[in-house]
$ cat model-v3.txt   # compact mmCIF, C-alpha atoms
# COMPACT_ATOMS: atom_id res chain seq x y z
CA MET A 1 65.33 141.72 132.65
CA PRO A 2 63.01 138.82 133.53
CA GLU A 3 63.96 136.02 135.91
CA VAL A 4 67.42 137.23 136.87
CA ARG A 5 68.60 135.18 139.83
CA ALA A 6 72.23 136.29 140.10
CA PHE A 7 74.66 138.94 138.81
CA VAL A 8 78.11 138.03 137.55
CA PHE A 9 80.61 140.81 136.89
CA ASP A 10 83.67 141.08 134.77
CA ALA A 11 86.49 142.63 136.86
CA TYR A 12 88.95 144.70 134.81
CA GLY A 13 87.36 147.72 133.17
CA THR A 14 83.96 146.86 134.67
CA LEU A 15 84.44 146.98 138.46
CA PHE A 16 88.08 148.11 138.49
CA ASP A 17 89.43 151.00 136.49
CA VAL A 18 92.43 149.60 134.63
CA HIS A 19 93.34 153.09 133.52
CA SER A 20 93.84 154.04 137.14
CA VAL A 21 97.36 152.71 136.47
CA VAL A 22 97.87 156.00 134.60
CA THR A 23 98.89 157.50 137.93
CA ALA A 24 101.65 154.92 138.28
CA CYS A 25 102.68 155.59 134.65
CA ARG A 26 103.22 159.27 135.35
CA GLY A 27 106.78 159.02 136.62
CA VAL A 28 107.79 156.82 133.68
CA THR A 29 106.60 158.74 130.60
CA SER A 30 105.31 162.14 129.56
CA ASP A 31 102.27 160.46 127.95
CA PRO A 32 100.91 158.11 130.63
CA GLU A 33 97.55 157.68 128.84
CA ALA A 34 99.28 156.33 125.73
CA LEU A 35 101.27 153.81 127.80
CA SER A 36 98.15 152.72 129.68
CA ARG A 37 96.18 152.31 126.43
CA GLU A 38 98.90 150.35 124.64
CA TRP A 39 99.47 148.17 127.72
CA ARG A 40 95.79 147.30 128.07
CA ALA A 41 95.33 146.59 124.34
CA LYS A 42 98.31 144.22 124.26
CA GLN A 43 97.20 142.57 127.51
CA LEU A 44 93.90 141.57 125.90
CA GLU A 45 95.53 140.59 122.60
CA TYR A 46 97.97 138.31 124.43
CA THR A 47 95.13 136.54 126.27
CA TRP A 48 93.42 135.80 122.94
CA LEU A 49 96.64 134.66 121.25
CA ARG A 50 97.80 132.47 124.14
CA ALA A 51 94.36 130.86 124.45
CA LEU A 52 94.28 130.16 120.68
CA MET A 53 97.83 128.78 120.67
CA GLY A 54 97.06 126.59 123.68
CA ARG A 55 99.98 128.29 125.47
CA TYR A 56 98.35 129.57 128.63
CA GLU A 57 100.33 131.70 131.06
CA ASP A 58 98.46 133.38 133.87
CA PHE A 59 97.21 136.97 133.72
CA TRP A 60 100.05 138.28 135.84
CA GLU A 61 102.60 136.98 133.32
CA VAL A 62 100.48 138.26 130.40
CA THR A 63 100.20 141.66 132.05
CA ARG A 64 103.97 141.76 132.61
CA ALA A 65 104.69 140.77 128.99
CA ALA A 66 102.19 143.31 127.63
CA LEU A 67 103.85 146.07 129.67
CA GLN A 68 107.26 145.02 128.35
CA PHE A 69 105.97 145.24 124.78
CA ALA A 70 104.22 148.58 125.34
CA LEU A 71 107.43 150.08 126.75
CA LYS A 72 109.41 148.78 123.75
CA ARG A 73 106.91 150.02 121.19
CA LEU A 74 106.69 153.46 122.77
CA LYS A 75 110.50 153.52 123.20
CA ILE A 76 110.25 154.18 126.93
CA ALA A 77 113.30 153.22 128.97
CA ALA A 78 112.03 152.07 132.37
CA SER A 79 114.12 150.70 135.23
CA GLN A 80 113.26 147.34 136.79
CA GLU A 81 112.03 149.24 139.84
CA GLN A 82 109.66 151.31 137.67
CA VAL A 83 108.41 148.18 135.88
CA ASN A 84 107.71 146.55 139.23
CA ARG A 85 105.84 149.62 140.45
CA LEU A 86 103.70 149.73 137.29
CA LEU A 87 102.85 146.05 137.61
CA SER A 88 102.02 146.27 141.29
CA ALA A 89 99.43 148.96 140.44
CA TYR A 90 97.37 146.02 139.14
CA LEU A 91 97.16 144.68 142.69
CA SER A 92 95.41 147.77 144.03
CA LEU A 93 93.28 149.02 141.13
CA GLN A 94 90.65 151.59 142.02
CA PRO A 95 87.02 150.54 141.61
CA PHE A 96 84.88 152.96 139.60
CA PRO A 97 83.15 155.45 141.96
CA GLU A 98 79.66 153.90 141.82
CA VAL A 99 80.83 150.32 142.29
CA PRO A 100 80.82 149.82 146.10
CA ALA A 101 77.28 151.19 146.61
CA THR A 102 75.95 149.30 143.56
CA LEU A 103 77.31 145.97 144.76
CA LYS A 104 76.07 146.61 148.28
CA THR A 105 72.53 147.26 147.01
CA LEU A 106 72.43 144.31 144.59
CA HIS A 107 73.94 142.04 147.22
CA SER A 108 70.87 142.52 149.40
CA ARG A 109 68.76 140.76 146.76
CA PHE A 110 71.02 138.58 144.59
CA PRO A 111 74.08 136.39 144.85
CA LEU A 112 76.97 138.24 143.19
CA ALA A 113 80.14 136.89 141.63
CA ILE A 114 83.19 137.96 139.64
CA LEU A 115 84.23 136.00 136.54
CA SER A 116 87.57 137.24 135.31
CA ASN A 117 90.72 136.64 133.27
CA GLY A 118 92.68 137.68 136.38
CA SER A 119 94.84 135.23 138.26
CA PRO A 120 93.51 134.24 141.69
CA ARG A 121 96.24 136.26 143.42
CA MET A 122 95.49 139.41 141.38
CA LEU A 123 91.74 139.12 141.95
CA GLN A 124 92.18 138.48 145.65
CA ALA A 125 94.35 141.58 145.98
CA ALA A 126 91.97 143.82 143.99
CA VAL A 127 88.87 142.59 145.80
CA GLN A 128 90.45 143.07 149.21
CA SER A 129 92.06 146.46 148.60
CA SER A 130 88.78 147.81 147.18
CA GLY A 131 86.63 146.55 150.05
CA LEU A 132 84.30 144.64 147.69
CA GLU A 133 84.97 141.23 149.21
CA PRO A 134 81.91 141.11 151.54
CA TYR A 135 79.50 141.43 148.61
CA LEU A 136 80.90 138.59 146.50
CA GLN A 137 79.78 135.00 146.84
CA HIS A 138 82.33 133.76 144.27
CA VAL A 139 85.48 135.12 142.68
CA LEU A 140 85.97 132.89 139.63
CA SER A 141 89.19 132.89 137.64
CA VAL A 142 89.96 131.43 134.21
CA ASP A 143 93.08 130.03 135.85
CA THR A 144 91.25 126.83 136.81
CA LEU A 145 90.75 126.17 133.05
CA LYS A 146 94.04 127.57 131.68
CA THR A 147 92.32 129.50 128.90
CA TYR A 148 90.81 133.00 128.49
CA LYS A 149 87.60 134.78 127.57
CA PRO A 150 85.71 134.57 125.24
CA ASN A 151 86.24 130.78 125.26
CA PRO A 152 82.73 129.55 126.20
CA THR A 153 84.14 127.11 128.78
CA VAL A 154 85.12 130.17 130.82
CA TYR A 155 81.57 131.51 131.02
CA ASP A 156 80.36 128.08 132.05
CA LEU A 157 82.26 128.47 135.36
CA ALA A 158 79.52 130.80 136.64
CA PRO A 159 76.38 128.62 136.28
CA ARG A 160 78.34 125.71 137.73
CA ALA A 161 79.51 127.70 140.78
CA LEU A 162 76.13 129.33 141.37
CA GLY A 163 74.04 126.24 140.66
CA LEU A 164 71.82 128.25 138.31
CA ALA A 165 70.79 127.96 134.65
CA LYS A 166 72.79 130.35 132.47
CA GLU A 167 69.60 132.04 131.20
CA THR A 168 68.87 133.22 134.76
CA ILE A 169 72.26 134.88 135.20
CA ALA A 170 72.88 138.51 134.27
CA PHE A 171 76.47 138.95 133.17
CA VAL A 172 77.82 142.49 133.32
CA SER A 173 80.85 143.71 131.41
CA SER A 174 82.22 146.94 130.01
CA ASN A 175 84.33 145.11 127.44
CA SER A 176 82.58 144.73 124.10
CA PHE A 177 84.30 141.42 123.23
CA ASP A 178 83.26 140.03 126.63
CA VAL A 179 79.66 141.16 126.09
CA VAL A 180 79.62 139.32 122.77
CA GLY A 181 81.24 136.20 124.23
CA ALA A 182 78.84 136.10 127.18
CA LYS A 183 75.82 136.57 124.93
CA ALA A 184 77.03 133.86 122.53
CA PHE A 185 77.32 131.58 125.57
CA GLY A 186 73.74 132.24 126.62
CA PHE A 187 73.71 134.66 129.56
CA GLN A 188 71.47 137.67 129.86
CA VAL A 189 73.99 140.44 129.28
CA VAL A 190 74.35 144.01 130.48
CA TRP A 191 76.89 146.14 128.66
CA CYS A 192 78.32 148.87 130.85
CA ASN A 193 79.43 151.08 127.98
CA ARG A 194 81.41 153.66 129.94
CA THR A 195 83.06 155.20 126.89
CA GLN A 196 80.16 155.35 124.39
CA ALA A 197 82.05 152.83 122.24
CA PRO A 198 80.39 151.25 119.21
CA LEU A 199 79.47 147.58 119.67
CA ASP A 200 81.76 145.06 118.04
CA GLU A 201 80.36 143.56 114.84
CA LEU A 202 80.39 139.93 115.92
CA GLY A 203 76.74 138.99 115.58
CA PHE A 204 75.61 139.32 119.21
CA ALA A 205 74.15 142.26 121.12
CA PRO A 206 73.59 142.89 124.85
CA ASP A 207 70.08 142.74 126.33
CA PHE A 208 70.59 145.97 128.19
CA THR A 209 73.11 148.84 128.00
CA VAL A 210 74.06 151.28 130.76
CA SER A 211 76.71 153.97 131.16
CA HIS A 212 77.38 153.33 134.83
CA LEU A 213 76.68 150.35 137.06
CA ASP A 214 74.31 152.19 139.41
CA GLU A 215 71.76 152.26 136.59
CA ILE A 216 71.23 148.53 137.20
CA PRO A 217 69.73 148.77 140.72
CA GLN A 218 67.84 151.89 139.56
CA ALA A 219 66.27 149.94 136.69
CA LEU A 220 65.27 147.23 139.17
CA GLY A 221 63.71 149.78 141.55
CA LEU A 222 66.29 149.02 144.26
CA MET B 1 118.69 127.89 107.66
CA PRO B 2 119.72 124.23 107.47
CA GLU B 3 117.62 121.56 105.76
CA VAL B 4 114.87 123.80 104.41
CA ARG B 5 112.86 121.80 101.89
CA ALA B 6 109.93 124.17 101.24
CA PHE B 7 108.81 127.76 101.83
CA VAL B 8 105.33 128.58 103.10
CA PHE B 9 104.15 132.18 103.04
CA ASP B 10 101.53 134.08 104.92
CA ALA B 11 99.46 136.11 102.44
CA TYR B 12 98.08 139.37 103.89
CA GLY B 13 100.79 141.80 104.93
CA THR B 14 103.52 139.39 103.78
CA LEU B 15 102.97 138.86 100.05
CA PHE B 16 100.07 141.30 99.61
CA ASP B 17 100.04 144.85 100.91
CA VAL B 18 96.81 145.16 102.89
CA HIS B 19 97.39 148.87 103.19
CA SER B 20 97.16 149.16 99.43
CA VAL B 21 93.43 149.49 100.21
CA VAL B 22 94.33 153.02 101.32
CA THR B 23 93.81 154.07 97.71
CA ALA B 24 90.26 152.76 97.80
CA CYS B 25 89.74 154.54 101.15
CA ARG B 26 90.65 157.90 99.66
CA GLY B 27 87.24 158.81 98.34
CA VAL B 28 85.58 157.85 101.63
CA THR B 29 87.55 159.74 104.27
CA SER B 30 90.12 162.50 104.64
CA ASP B 31 92.33 160.15 106.70
CA PRO B 32 92.51 156.95 104.62
CA GLU B 33 95.52 155.63 106.61
CA ALA B 34 93.53 155.73 109.86
CA LEU B 35 90.64 153.82 108.28
CA SER B 36 92.98 151.23 106.80
CA ARG B 37 94.78 150.78 110.16
CA GLU B 38 91.59 150.46 112.20
CA TRP B 39 90.07 148.09 109.62
CA ARG B 40 93.11 145.80 109.62
CA ALA B 41 93.41 145.77 113.44
CA LYS B 42 89.75 144.82 113.88
CA GLN B 43 89.98 142.24 111.11
CA LEU B 44 92.70 140.38 113.04
CA GLU B 45 90.94 140.85 116.39
CA TYR B 46 87.74 139.37 114.98
CA THR B 47 89.58 136.28 113.68
CA TRP B 48 91.00 135.65 117.16
CA LEU B 49 87.67 136.24 118.92
CA ARG B 50 85.62 134.13 116.51
CA ALA B 51 88.14 131.29 116.70
CA LEU B 52 88.10 131.41 120.51
CA MET B 53 84.29 131.56 120.67
CA GLY B 54 84.01 128.67 118.23
CA ARG B 55 81.93 130.96 115.99
CA TYR B 56 83.79 130.81 112.70
CA GLU B 57 82.69 132.96 109.79
CA ASP B 58 84.95 133.16 106.78
CA PHE B 59 87.51 135.91 106.23
CA TRP B 60 85.32 137.76 103.76
CA GLU B 61 82.59 138.12 106.38
CA VAL B 62 85.15 139.05 109.06
CA THR B 63 86.68 141.64 106.73
CA ARG B 64 83.24 143.09 106.01
CA ALA B 65 82.33 143.25 109.71
CA ALA B 66 85.68 144.82 110.61
CA LEU B 67 85.16 147.51 107.98
CA GLN B 68 81.67 148.18 109.34
CA PHE B 69 83.10 148.63 112.83
CA ALA B 70 85.98 150.82 111.65
CA LEU B 71 83.56 153.12 109.81
CA LYS B 72 81.37 153.35 112.94
CA ARG B 73 84.26 154.04 115.28
CA LEU B 74 85.74 156.70 113.03
CA LYS B 75 82.27 158.15 112.43
CA ILE B 76 82.58 157.85 108.65
CA ALA B 77 79.31 157.77 106.74
CA ALA B 78 79.87 155.52 103.72
CA SER B 79 77.31 154.51 101.12
CA GLN B 80 76.69 150.85 100.35
CA GLU B 81 78.44 151.42 97.03
CA GLN B 82 81.50 152.80 98.82
CA VAL B 83 81.52 149.88 101.26
CA ASN B 84 81.37 147.44 98.36
CA ARG B 85 84.23 149.21 96.61
CA LEU B 86 86.39 149.13 99.76
CA LEU B 87 85.71 145.43 100.26
CA SER B 88 86.41 144.54 96.68
CA ALA B 89 89.88 146.11 97.03
CA TYR B 90 90.69 142.94 99.01
CA LEU B 91 90.18 140.91 95.84
CA SER B 92 92.94 142.72 93.96
CA LEU B 93 95.53 143.61 96.61
CA GLN B 94 98.92 144.70 95.34
CA PRO B 95 101.86 142.41 96.09
CA PHE B 96 104.85 144.16 97.64
CA PRO B 97 107.32 145.21 94.89
CA GLU B 98 109.94 142.50 95.52
CA VAL B 99 107.43 139.64 95.76
CA PRO B 100 107.08 138.39 92.15
CA ALA B 101 110.85 138.11 91.53
CA THR B 102 111.46 136.55 94.95
CA LEU B 103 108.85 133.85 94.43
CA LYS B 104 110.09 133.19 90.91
CA THR B 105 113.66 132.64 92.18
CA LEU B 106 112.70 130.49 95.16
CA HIS B 107 110.31 128.48 92.99
CA SER B 108 113.23 127.24 90.91
CA ARG B 109 114.58 125.42 93.96
CA PHE B 110 111.77 124.79 96.43
CA PRO B 111 108.09 123.97 96.49
CA LEU B 112 106.22 127.12 97.61
CA ALA B 113 102.83 127.49 99.28
CA ILE B 114 100.54 130.07 100.85
CA LEU B 115 98.95 129.38 104.25
CA SER B 116 96.41 132.05 105.03
CA ASN B 117 93.38 133.18 107.01
CA GLY B 118 91.83 134.22 103.69
CA SER B 119 88.82 132.46 102.26
CA PRO B 120 89.50 130.32 99.16
CA ARG B 121 87.71 132.85 96.94
CA MET B 122 89.72 135.81 98.29
CA LEU B 123 93.02 133.96 97.98
CA GLN B 124 92.21 132.77 94.48
CA ALA B 125 91.42 136.32 93.41
CA ALA B 126 94.57 137.82 94.99
CA VAL B 127 96.86 135.12 93.61
CA GLN B 128 95.44 135.44 90.10
CA SER B 129 95.33 139.24 89.93
CA SER B 130 98.93 139.47 91.18
CA GLY B 131 100.28 136.89 88.74
CA LEU B 132 101.78 134.77 91.54
CA GLU B 133 99.77 131.64 90.75
CA PRO B 134 102.42 129.85 88.62
CA TYR B 135 104.90 129.82 91.53
CA LEU B 136 102.61 128.27 94.12
CA GLN B 137 102.21 124.55 94.59
CA HIS B 138 99.48 124.98 97.24
CA VAL B 139 97.19 127.77 98.37
CA LEU B 140 96.01 126.62 101.80
CA SER B 141 93.12 128.31 103.61
CA VAL B 142 92.00 128.01 107.23
CA ASP B 143 88.51 127.62 105.80
CA THR B 144 88.88 123.84 105.61
CA LEU B 145 89.25 123.84 109.44
CA LYS B 146 86.84 126.69 110.36
CA THR B 147 89.30 128.33 112.72
CA TYR B 148 92.07 130.94 112.45
CA LYS B 149 95.76 131.49 113.11
CA PRO B 150 97.51 131.06 115.53
CA ASN B 151 95.55 127.87 116.28
CA PRO B 152 98.24 125.19 115.77
CA THR B 153 95.88 123.02 113.71
CA VAL B 154 96.09 125.71 111.01
CA TYR B 155 99.87 125.48 110.71
CA ASP B 156 99.60 121.71 110.48
CA LEU B 157 97.87 122.10 107.09
CA ALA B 158 101.24 122.84 105.47
CA PRO B 159 103.28 119.76 106.41
CA ARG B 160 100.28 117.61 105.52
CA ALA B 161 99.84 119.19 102.08
CA LEU B 162 103.57 119.20 101.31
CA GLY B 163 104.30 115.76 102.74
CA LEU B 164 107.23 117.20 104.71
CA ALA B 165 108.22 117.30 108.37
CA LYS B 166 107.42 120.69 109.92
CA GLU B 167 111.06 121.22 110.95
CA THR B 168 112.05 121.23 107.26
CA ILE B 169 109.56 123.94 106.31
CA ALA B 170 110.47 127.64 106.43
CA PHE B 171 107.38 129.69 107.25
CA VAL B 172 107.53 133.36 106.29
CA SER B 173 105.28 136.04 107.78
CA SER B 174 105.36 139.77 108.40
CA ASN B 175 102.80 139.49 111.20
CA SER B 176 104.40 139.16 114.62
CA PHE B 177 101.57 137.05 116.08
CA ASP B 178 101.85 134.69 113.11
CA VAL B 179 105.62 134.40 113.56
CA VAL B 180 105.06 133.46 117.19
CA GLY B 181 102.29 130.99 116.35
CA ALA B 182 104.33 129.33 113.61
CA LYS B 183 107.40 129.04 115.84
CA ALA B 184 105.31 127.60 118.69
CA PHE B 185 104.02 125.03 116.20
CA GLY B 186 107.54 124.00 115.21
CA PHE B 187 108.38 125.52 111.80
CA GLN B 188 111.60 127.26 110.96
CA VAL B 189 110.40 130.86 110.85
CA VAL B 190 111.42 133.95 108.90
CA TRP B 191 109.99 137.24 110.13
CA CYS B 192 109.65 139.78 107.34
CA ASN B 193 109.62 142.80 109.61
CA ARG B 194 108.73 145.47 107.08
CA THR B 195 107.95 148.15 109.67
CA GLN B 196 110.78 147.67 112.20
CA ALA B 197 108.15 146.62 114.74
CA PRO B 198 109.20 145.18 118.10
CA LEU B 199 108.58 141.44 118.47
CA ASP B 200 105.56 140.43 120.50
CA GLU B 201 106.39 139.20 124.01
CA LEU B 202 104.90 135.73 123.72
CA GLY B 203 107.90 133.54 124.41
CA PHE B 204 108.90 132.62 120.83
CA ALA B 205 111.33 134.28 118.42
CA PRO B 206 111.92 133.84 114.67
CA ASP B 207 115.00 132.02 113.42
CA PHE B 208 115.75 134.72 110.89
CA THR B 209 114.56 138.31 110.36
CA VAL B 210 114.53 140.28 107.11
CA SER B 211 113.11 143.66 106.05
CA HIS B 212 112.10 142.56 102.56
CA LEU B 213 111.49 139.15 101.05
CA ASP B 214 114.30 139.39 98.47
CA GLU B 215 116.78 139.03 101.32
CA ILE B 216 115.78 135.35 101.52
CA PRO B 217 117.10 134.23 98.11
CA GLN B 218 120.10 136.54 98.68
CA ALA B 219 120.91 134.77 101.97
CA LEU B 220 120.66 131.44 100.16
CA GLY B 221 122.98 132.62 97.38
CA LEU B 222 120.21 132.35 94.75
$ encode --input "model-v3.txt" --output "structure tokens"
Amino acid sequence: MPEVRAFVFDAYGTLFDVHSVVTACRGVTSDPEALSREWRAKQLEYTWLRALMGRYEDFWEVTRAALQFALKRLKIAASQEQVNRLLSAYLSLQPFPEVPATLKTLHSRFPLAILSNGSPRMLQAAVQSSGLEPYLQHVLSVDTLKTYKPNPTVYDLAPRALGLAKETIAFVSSNSFDVVGAKAFGFQVVWCNRTQAPLDELGFAPDFTVSHLDEIPQALGL
Amino acid sequence: MPEVRAFVFDAYGTLFDVHSVVTACRGVTSDPEALSREWRAKQLEYTWLRALMGRYEDFWEVTRAALQFALKRLKIAASQEQVNRLLSAYLSLQPFPEVPATLKTLHSRFPLAILSNGSPRMLQAAVQSSGLEPYLQHVLSVDTLKTYKPNPTVYDLAPRALGLAKETIAFVSSNSFDVVGAKAFGFQVVWCNRTQAPLDELGFAPDFTVSHLDEIPQALGL
């Protein structure tokens, strides 16, 4: 990757394991993976629909609504206390195992940032509880724009905050739609394809694909 | 429903059974329902993502790309001839059984229109092959705007074409996201909930819910 001057990371699914909420789902249903999957899929769908309708609500509200729908669809009766416990799992998501060391290494050479759909409060909580805060120069949220990825105005937050041309920024995401959106915007893009998923057929491809984030410093000889 | 002066219908899933492509899927895979489901889900997702990215391609191209992805994800090896046959099923989709009689009855009292994500060519083919053309005053496609539902500018095509205030138009869709988008725009909305699906949690609800379209003329005493 030539001329990379900063790394910008997606948060959910890339640094933080959204399916770590499965643990919290365990007391609520006999199939916690199914609830976690349905919840996550609806969460993304609702961001796209709300952005397209011009009816922004922040990611906390979207996450709450997506959980409500997932419980209804899967016919799971959850108490308000259980719903609150599931939601609060989003405030202390586990980072993937290789994340802290990878960010520490990259941080010694590059400015690092997060660019996320998350609300400022959710991102603050996740960054603090995971101990990643010292490595991050910026934690950028769509909330300042009241829209969601892959709206190109969202990606433009990063070059503006970093004071760098978009072509010199490596954007890293595990989410295929986010990879496509970031590439369409004009970043250099690394797809962290943790699940060996096929790439979405939307006309854009990442510059570089890895299975885990620690392959990035390795590829750079760090 | 007071003061309804026209009915506007969504096309795919509402008038036309998109899962009637299952028949065409049969020669390609042992689980044609799974292919049809995955194809349809990606088709919708790609409309939302392309609209949000400002990277419109028409619904034929989106449908083709979604099929390509679905085949990849389900690890189905299809020949180019099979792919072409699957795609062309979209040009002769079956209407749901009650659709022709329902449109015929409503047409005797109201102007009727289609408002759809479909490209003009796809809609023309479906409307002609199903024999619904005589009942429709307008067949409106997002293609004139180069965006997709639930962008509110799409819904605005109908009041403009019909010369009616949006509050006097009943919009009918089986797709929950479309029901929400149409209600947010300001139509009276009928949800044709063919599958007993739960309503999406996006802050808007239909005015009226039916299981089949013939319940509409019945409710109006026609």
$ residues_around --input "model-v3.txt" --residues "segment 191-203 of chain B" --least-positions-apart "5" --cutoff "7 Å" --atoms "only C-alpha atoms" --output "MDAnalysis selection string"
(chainID A and resid 65:66 69 72:73) or (chainID B and resid 172:174 176:177 179:180 208:213)
$ write_last_selection --input "model-v3.txt" --atoms "C-alpha atoms" --output "compact mmCIF listing (two decimals), keeping the file's coordinate frame"
# COMPACT_ATOMS: atom_id res chain seq x y z
CA ALA A 65 104.69 140.77 128.99
CA ALA A 66 102.19 143.31 127.63
CA PHE A 69 105.97 145.24 124.78
CA LYS A 72 109.41 148.78 123.75
CA ARG A 73 106.91 150.02 121.19
CA VAL B 172 107.53 133.36 106.29
CA SER B 173 105.28 136.04 107.78
CA SER B 174 105.36 139.77 108.40
CA SER B 176 104.40 139.16 114.62
CA PHE B 177 101.57 137.05 116.08
CA VAL B 179 105.62 134.40 113.56
CA VAL B 180 105.06 133.46 117.19
CA PHE B 208 115.75 134.72 110.89
CA THR B 209 114.56 138.31 110.36
CA VAL B 210 114.53 140.28 107.11
CA SER B 211 113.11 143.66 106.05
CA HIS B 212 112.10 142.56 102.56
CA LEU B 213 111.49 139.15 101.05
$ interface_residues --input "model-v3.txt" --of "chain B" --to "chain A" --cutoff "10 Å" --atoms "all atoms listed in the file" --output "PyMOL selection string"
chain B and resi 42+44-46+48-55+57+61-62+64-70+72-75+147-153+177-178+180-182+184-185+197-203
$ atom_distance --input "model-v3.txt" --atom1 "atom CA of Trp60 of chain B" --atom2 "atom CA of Asp143 of chain B"
10.8 Å
$ residues_around --input "model-v3.txt" --residues "Ala11 of chain A" --least-positions-apart "3" --cutoff "8 Å" --atoms "all atoms listed in the file" --output "list of chain:residue names"
A:Thr14, A:Leu15, A:Phe16, A:Ile114, A:Leu115, A:Ser116, A:Gly118, A:Ser173
$ atom_distance --input "model-v3.txt" --atom1 "atom CA of Gln128 of chain A" --atom2 "atom CA of Ala6 of chain A"
21.5 Å
$ atom_distance --input "model-v3.txt" --atom1 "atom CA of Leu93 of chain B" --atom2 "atom CA of Val21 of chain B"
7.2 Å
$ residues_around --input "model-v3.txt" --residues "segment 160-171 of chain B" --least-positions-apart "4" --cutoff "8 Å" --atoms "all atoms listed in the file" --output "PyMOL selection string"
chain B and resi 3-10+138+156+182+186-190
$ residues_near_point --input "model-v3.txt" --point "(93.2, 138.1, 137.0)" --cutoff "8 Å" --atoms "all atoms listed in the file" --output "mmCIF file with C-alpha atoms, keeping the file's coordinate frame"
data_model
loop_
_atom_site.group_PDB
_atom_site.id
_atom_site.type_symbol
_atom_site.label_atom_id
_atom_site.label_comp_id
_atom_site.auth_asym_id
_atom_site.auth_seq_id
_atom_site.Cartn_x
_atom_site.Cartn_y
_atom_site.Cartn_z
ATOM 1 C CA ASP A 58 98.460 133.380 133.870
ATOM 2 C CA PHE A 59 97.210 136.970 133.720
ATOM 3 C CA TRP A 60 100.050 138.280 135.840
ATOM 4 C CA SER A 116 87.570 137.240 135.310
ATOM 5 C CA ASN A 117 90.720 136.640 133.270
ATOM 6 C CA GLY A 118 92.680 137.680 136.380
ATOM 7 C CA SER A 119 94.840 135.230 138.260
ATOM 8 C CA PRO A 120 93.510 134.240 141.690
ATOM 9 C CA ARG A 121 96.240 136.260 143.420
ATOM 10 C CA MET A 122 95.490 139.410 141.380
ATOM 11 C CA LEU A 123 91.740 139.120 141.950
ATOM 12 C CA SER A 141 89.190 132.890 137.640
ATOM 13 C CA VAL A 142 89.960 131.430 134.210
#
